[in-house]
Amino acid sequence: MLSHFYQKIVIEKPKVVLAFLIICLIGFSFYSKDFKLDASSDTLLLENDPDLIYLREITNRYGSKEFLVLTYTPDEPMVSEKSLNNLLSLKYKIQSLDWVHSVITLLDVPLLNNSDKPLAERLKEISTLKDDGIDKERGFKEILNSPVFRNFVISEDGKTTGLIVNIKEDEKLKDIEDLSIKEIDILKELRKKANHSNILEIRKVISTYDNVGNIFLGGIPMIADDMMSFIKNDIIVFGIGVLAFIIATLWFVFKKIIWIIIPISSCVFSVIIMTGLLGLFNWKVTVISSNFIALMLILTMAMNIHISTRFLQIKKNFPNKKLPDLILMVMSKMFWPIIYTVLTTVCAFLSLIFSEIKPIIDFGWMMTMGLFTSFLVTFTLLPSLLNIFSKYDVNLKKENNSKITSSLGSFSINNKKVIFGSSVLIILLSLYGISKLEVENSFINYFNKKTEIYRGMKLIDDKLGGTTPLDVILKFPQKDVDKAEIDDDEFEDWDDGEEENSEKYWFTKDKIDRINSVHNYLDSLPFVGKVLSLTSILEVATQLNDGKTLETLEIGVLYSKLPETIKQEVIDPYISIKDNEARISIRVKDSDKNLRRNDLINKINFDLENKLNISKNEFKLAGVLILFNNLLQSLFKSQILTLGFVMTAIFGMFIILFKNIKLALIGVIPNFIAAFFVLGTIGLLRIPLDMMTITIAAITIGIAVDNSIHYIYRFKEELKQTCNYEKTVKLCHSSVGVAILNTSITIIFGFSILVLSNFIPTIYFGFFTGLAMLFAMISVLTLLPALILIIKPIKIS
């Protein structure tokens, strides 16, 4: 029934089908305007990670503005008048931008030890480096020796300083609970555009200071904007690069314009329709899925090359057959091999849904939808165009047998022991390499060393106390605090006549001691850069108090008497009296090659409980380091689940397709070895798994088995005619083997285009998937026929 419908509509009414496809193309082109990109930090996190929910809670509690970071390394000494004036000028120019809330620099650091006045007076009239009459050398030395600001706003060597550019909060995004998802998406899109404009604006300001030293821009908004640029660039470069290579390949294989127009039309129709579908469903492309257009072009082309090659072979064998009958024969013969290659590849991409990483899950669904789109377009557009172009000569002037496939066929027949021995050796080496796989990775190493993202983060890591934040939240047991009187000359003139503030009694000895012990422990750890907490503030207070440690109630009174602005900026980020807890902020040096994030987190958890004797329910770790580590640790689980799912599902499909367990095993073995080979190679090279390399093995199997399906399907067909295994191998290598070679070369070089990306995981993905496809092609044209010749799984009637 379906074949009759296909014949009556697609084969016999090609112009109607073409008109319908053009209407679809126009319609989906309209929706492609809603095609969106997403480079937010949420795209690099685990789906529904409870630690993300907790981090957002902590962020709201202790306050956090969206900000950019500038690192400034002047050509002259930092304390020189010229350097400070340039810093002040840069601060004011950035401050004048209408989207900037405030700019905090070295010049805004409160100087509390710059005079010999009583502490109370110094707190009432706080000075900074930019004030007149200040001893710049003394003030700079105070900042450089400050427990709070050293390695925070100024590097230890005093040569690099940081500028924190706080961005004005978007009032529209404050109360998003009452908005619909569509309204939230619209606001976020507007925010992205505004952020892009802001980044361009601040870079323009920075460019005017190129002659005063080295200035690098950093911060999450800048990283997100640059990643958006990377995604856009990758989509354009990958798409154009792959398309150009496909055209070159088609010309090399067929040497006729007609055989370039027909397959390219299928590719273009498929990509535009898919882009429209993504826009229609508001499906955003991330840095992980930025190669989906290149992949769709590659996989659509593979389908078209197989069908086109078979069409030319059958036309040569049946020269007198009418074109519609010829097309129907070809499409009928190719339907099952193609549908199974689509299903196995879909199976590979669907396995990515086990990853728990949203962009990888979305990538799997995108490619699943894309493959079905390509299949439908190929089986409707290609036969329609063949019918319409029937007046042109579609035959090839000369069809040469491939020397490569012929040589591989002869090698398979005559060197079975060498093939099997080499395969066993590769399996053993691959298993050894797999045992060396690790997931330890650095976010900074996701980017090319020439990018501003890398250079800025590296400088912050090396000079300003580290890049990756980690918080230790200390929760104190609820106890009644005894109020006591205080007798200290330093505070006796602070009577403001107000009612005594009970907040000052929160500062008990137990709490201060616990904060101090945890702070000092964290500060002693390797890979830990800057540590900030109430302890840091108290160290400053001790310095100001002539080296005498403040008593707990003195600390309480000092807190209650501090100006509100100082309190909010300096102390409130590290304690929450209302929630009876304290926050210790750590920044980890992410670029250190010896850093093992999971080991560090486990050590901190273990030591806080067992060495510092803090109960498990009285502390909790939070921060980007935790989220990133959760992502990394999920990669091993994802690798096992995706690979296990793909191997099981594809083996099952092979059994259904070939109805022969032996043949199914023979079909999957070369491709499974290819997947192990590429994973083993990654392990031997000590390249850590990341968000994209974990997808290589599953995708390799899913795409590579297409060659096995085409080869075995054709082998069964030819064996019925020849009744001779060796003769059939030679026939297959000179027919379907040529199509396998051509499609594999297209796929290999198509993936190689991805090495032009600025995103290192994409480069690895392109290189290693291409390598795996090369190995899989060689295996299918050597190991597969050798196994068939040894086992002889098909009965000859």
# chains A, B, ... in the order shown; residues from 1 in each chain; ligands from 1

call {"tool": "residues_around", "arguments": {"residues": "Ile575 of chain A", "least_positions_apart": "3", "cutoff": "12 Å", "atoms": "only C-alpha atoms", "output": "mmCIF file with C-alpha atoms, in the first residue's frame"}}
result
data_model
loop_
_atom_site.group_PDB
_atom_site.id
_atom_site.type_symbol
_atom_site.label_atom_id
_atom_site.label_comp_id
_atom_site.auth_asym_id
_atom_site.auth_seq_id
_atom_site.Cartn_x
_atom_site.Cartn_y
_atom_site.Cartn_z
ATOM 1 C CA ILE A 58 23.315 31.341 48.790
ATOM 2 C CA ARG A 61 21.340 35.495 50.709
ATOM 3 C CA TYR A 62 24.797 37.019 50.533
ATOM 4 C CA GLY A 63 24.181 39.276 47.576
ATOM 5 C CA VAL A 472 32.028 26.841 52.528
ATOM 6 C CA ILE A 473 28.850 27.671 54.436
ATOM 7 C CA LEU A 474 29.107 27.195 58.210
ATOM 8 C CA LYS A 475 25.785 26.713 59.990
ATOM 9 C CA PHE A 476 25.832 27.427 63.705
ATOM 10 C CA GLU A 503 23.033 41.967 66.341
ATOM 11 C CA TRP A 506 25.812 37.325 67.558
ATOM 12 C CA PHE A 507 29.629 37.408 67.556
ATOM 13 C CA LYS A 511 31.606 31.176 66.123
ATOM 14 C CA ILE A 512 34.718 33.284 65.667
ATOM 15 C CA ILE A 515 35.355 30.578 61.256
ATOM 16 C CA LEU A 532 37.962 35.568 52.193
ATOM 17 C CA SER A 533 35.786 35.438 55.287
ATOM 18 C CA LEU A 534 35.057 37.299 58.510
ATOM 19 C CA THR A 535 38.551 36.186 59.542
ATOM 20 C CA ILE A 537 38.147 41.404 58.175
ATOM 21 C CA TYR A 559 29.979 45.769 63.525
ATOM 22 C CA LYS A 567 29.007 46.880 56.364
ATOM 23 C CA GLN A 568 27.187 45.873 53.155
ATOM 24 C CA GLU A 569 30.321 45.764 51.022
ATOM 25 C CA VAL A 570 32.843 44.280 53.477
ATOM 26 C CA ILE A 571 31.110 42.187 56.152
ATOM 27 C CA ASP A 572 27.603 41.165 55.053
ATOM 28 C CA LYS A 578 19.472 36.269 60.359
ATOM 29 C CA ASP A 579 20.278 32.735 59.133
ATOM 30 C CA ASN A 580 22.896 32.163 61.854
ATOM 31 C CA GLU A 581 25.596 31.147 59.418
ATOM 32 C CA ALA A 582 28.900 32.318 57.937
ATOM 33 C CA ARG A 583 30.314 32.106 54.429
ATOM 34 C CA ILE A 584 33.954 31.453 53.601
ATOM 35 C CA SER A 585 34.718 32.339 50.002
#

call {"tool": "residues_around", "arguments": {"residues": "Phe245 of chain A", "least_positions_apart": "3", "cutoff": "9 Å", "atoms": "only C-alpha atoms", "output": "VMD selection string"}}
result
chain A and resid 240 to 242 248 to 250 746 749 to 750

call {"tool": "write_last_selection", "arguments": {"atoms": "N, CA, C and O atoms", "output": "mmCIF file, in the first residue's frame"}}
result
data_model
loop_
_atom_site.group_PDB
_atom_site.id
_atom_site.type_symbol
_atom_site.label_atom_id
_atom_site.label_comp_id
_atom_site.auth_asym_id
_atom_site.auth_seq_id
_atom_site.Cartn_x
_atom_site.Cartn_y
_atom_site.Cartn_z
ATOM 1 N N ILE A 240 29.704 26.375 5.724
ATOM 2 C CA ILE A 240 30.318 26.718 4.428
ATOM 3 C C ILE A 240 31.452 25.749 4.091
ATOM 4 O O ILE A 240 31.579 25.284 2.952
ATOM 5 N N GLY A 241 32.279 25.434 5.106
ATOM 6 C CA GLY A 241 33.412 24.536 4.878
ATOM 7 C C GLY A 241 32.968 23.158 4.435
ATOM 8 O O GLY A 241 33.502 22.595 3.464
ATOM 9 N N VAL A 242 32.002 22.593 5.153
ATOM 10 C CA VAL A 242 31.502 21.256 4.805
ATOM 11 C C VAL A 242 30.821 21.276 3.439
ATOM 12 O O VAL A 242 31.006 20.361 2.622
ATOM 13 N N ALA A 248 33.139 19.646 -3.740
ATOM 14 C CA ALA A 248 34.401 19.164 -4.322
ATOM 15 C C ALA A 248 34.401 17.638 -4.421
ATOM 16 O O ALA A 248 34.833 17.063 -5.438
ATOM 17 N N THR A 249 33.897 16.973 -3.383
ATOM 18 C CA THR A 249 33.850 15.504 -3.370
ATOM 19 C C THR A 249 32.920 14.985 -4.459
ATOM 20 O O THR A 249 33.250 14.031 -5.174
ATOM 21 N N LEU A 250 31.746 15.605 -4.575
ATOM 22 C CA LEU A 250 30.783 15.174 -5.603
ATOM 23 C C LEU A 250 31.365 15.336 -7.007
ATOM 24 O O LEU A 250 31.156 14.487 -7.884
ATOM 25 N N THR A 746 33.976 11.779 2.734
ATOM 26 C CA THR A 746 33.167 12.987 2.957
ATOM 27 C C THR A 746 32.956 13.229 4.445
ATOM 28 O O THR A 746 33.102 14.354 4.939
ATOM 29 N N PHE A 749 36.472 14.147 6.287
ATOM 30 C CA PHE A 749 36.906 15.526 6.044
ATOM 31 C C PHE A 749 35.863 16.531 6.523
ATOM 32 O O PHE A 749 36.203 17.655 6.903
ATOM 33 N N GLY A 750 34.611 16.127 6.515
ATOM 34 C CA GLY A 750 33.568 16.993 7.069
ATOM 35 C C GLY A 750 33.789 17.247 8.546
ATOM 36 O O GLY A 750 33.724 18.393 9.020
#

call {"tool": "residues_around", "arguments": {"residues": "segment 205-216 of chain A", "least_positions_apart": "5", "cutoff": "7 Å", "atoms": "only C-alpha atoms", "output": "PDB file with N, CA and C atoms, in the first residue's frame"}}
result
ATOM      1  N   LEU A  70      38.239  43.457  34.833  1.00  0.00           N
ATOM      2  CA  LEU A  70      39.353  43.902  33.988  1.00  0.00           C
ATOM      3  C   LEU A  70      40.643  43.701  34.764  1.00  0.00           C
ATOM      4  N   THR A  71      41.649  43.170  34.107  1.00  0.00           N
ATOM      5  CA  THR A  71      42.978  43.121  34.723  1.00  0.00           C
ATOM      6  C   THR A  71      43.829  44.203  34.060  1.00  0.00           C
ATOM      7  N   TYR A  72      44.514  44.970  34.869  1.00  0.00           N
ATOM      8  CA  TYR A  72      45.311  46.103  34.377  1.00  0.00           C
ATOM      9  C   TYR A  72      46.742  45.945  34.866  1.00  0.00           C
ATOM     10  N   THR A  73      47.667  45.770  33.921  1.00  0.00           N
ATOM     11  CA  THR A  73      49.095  45.692  34.233  1.00  0.00           C
ATOM     12  C   THR A  73      49.791  46.852  33.526  1.00  0.00           C
ATOM     13  N   PRO A  74      50.036  47.957  34.250  1.00  0.00           N
ATOM     14  CA  PRO A  74      50.619  49.147  33.607  1.00  0.00           C
ATOM     15  C   PRO A  74      52.090  48.939  33.237  1.00  0.00           C
ATOM     16  N   ASP A  75      52.537  49.732  32.282  1.00  0.00           N
ATOM     17  CA  ASP A  75      53.950  49.670  31.876  1.00  0.00           C
ATOM     18  C   ASP A  75      54.868  50.216  32.959  1.00  0.00           C
ATOM     19  N   GLU A 452      40.745  35.937  24.264  1.00  0.00           N
ATOM     20  CA  GLU A 452      40.786  36.825  25.432  1.00  0.00           C
ATOM     21  C   GLU A 452      40.239  36.113  26.661  1.00  0.00           C
ATOM     22  N   GLY A 456      42.641  36.272  29.822  1.00  0.00           N
ATOM     23  CA  GLY A 456      42.137  36.972  31.002  1.00  0.00           C
ATOM     24  C   GLY A 456      42.010  36.058  32.203  1.00  0.00           C
TER      25      GLY A 456
END

call {"tool": "atom_distance", "arguments": {"atom1": "atom CA of Gly218 of chain A", "atom2": "atom CA of Ile694 of chain A"}}
result
28.3 Å

call {"tool": "select_by_dssp", "arguments": {"residues": "segment 188-435 of chain A", "states": "strand (DSSP E or B)", "output": "list in words"}}
result
Gly213, Asn214, Ile215, Phe216, Leu217, Gly218, Val285 and Ile357 of chain A
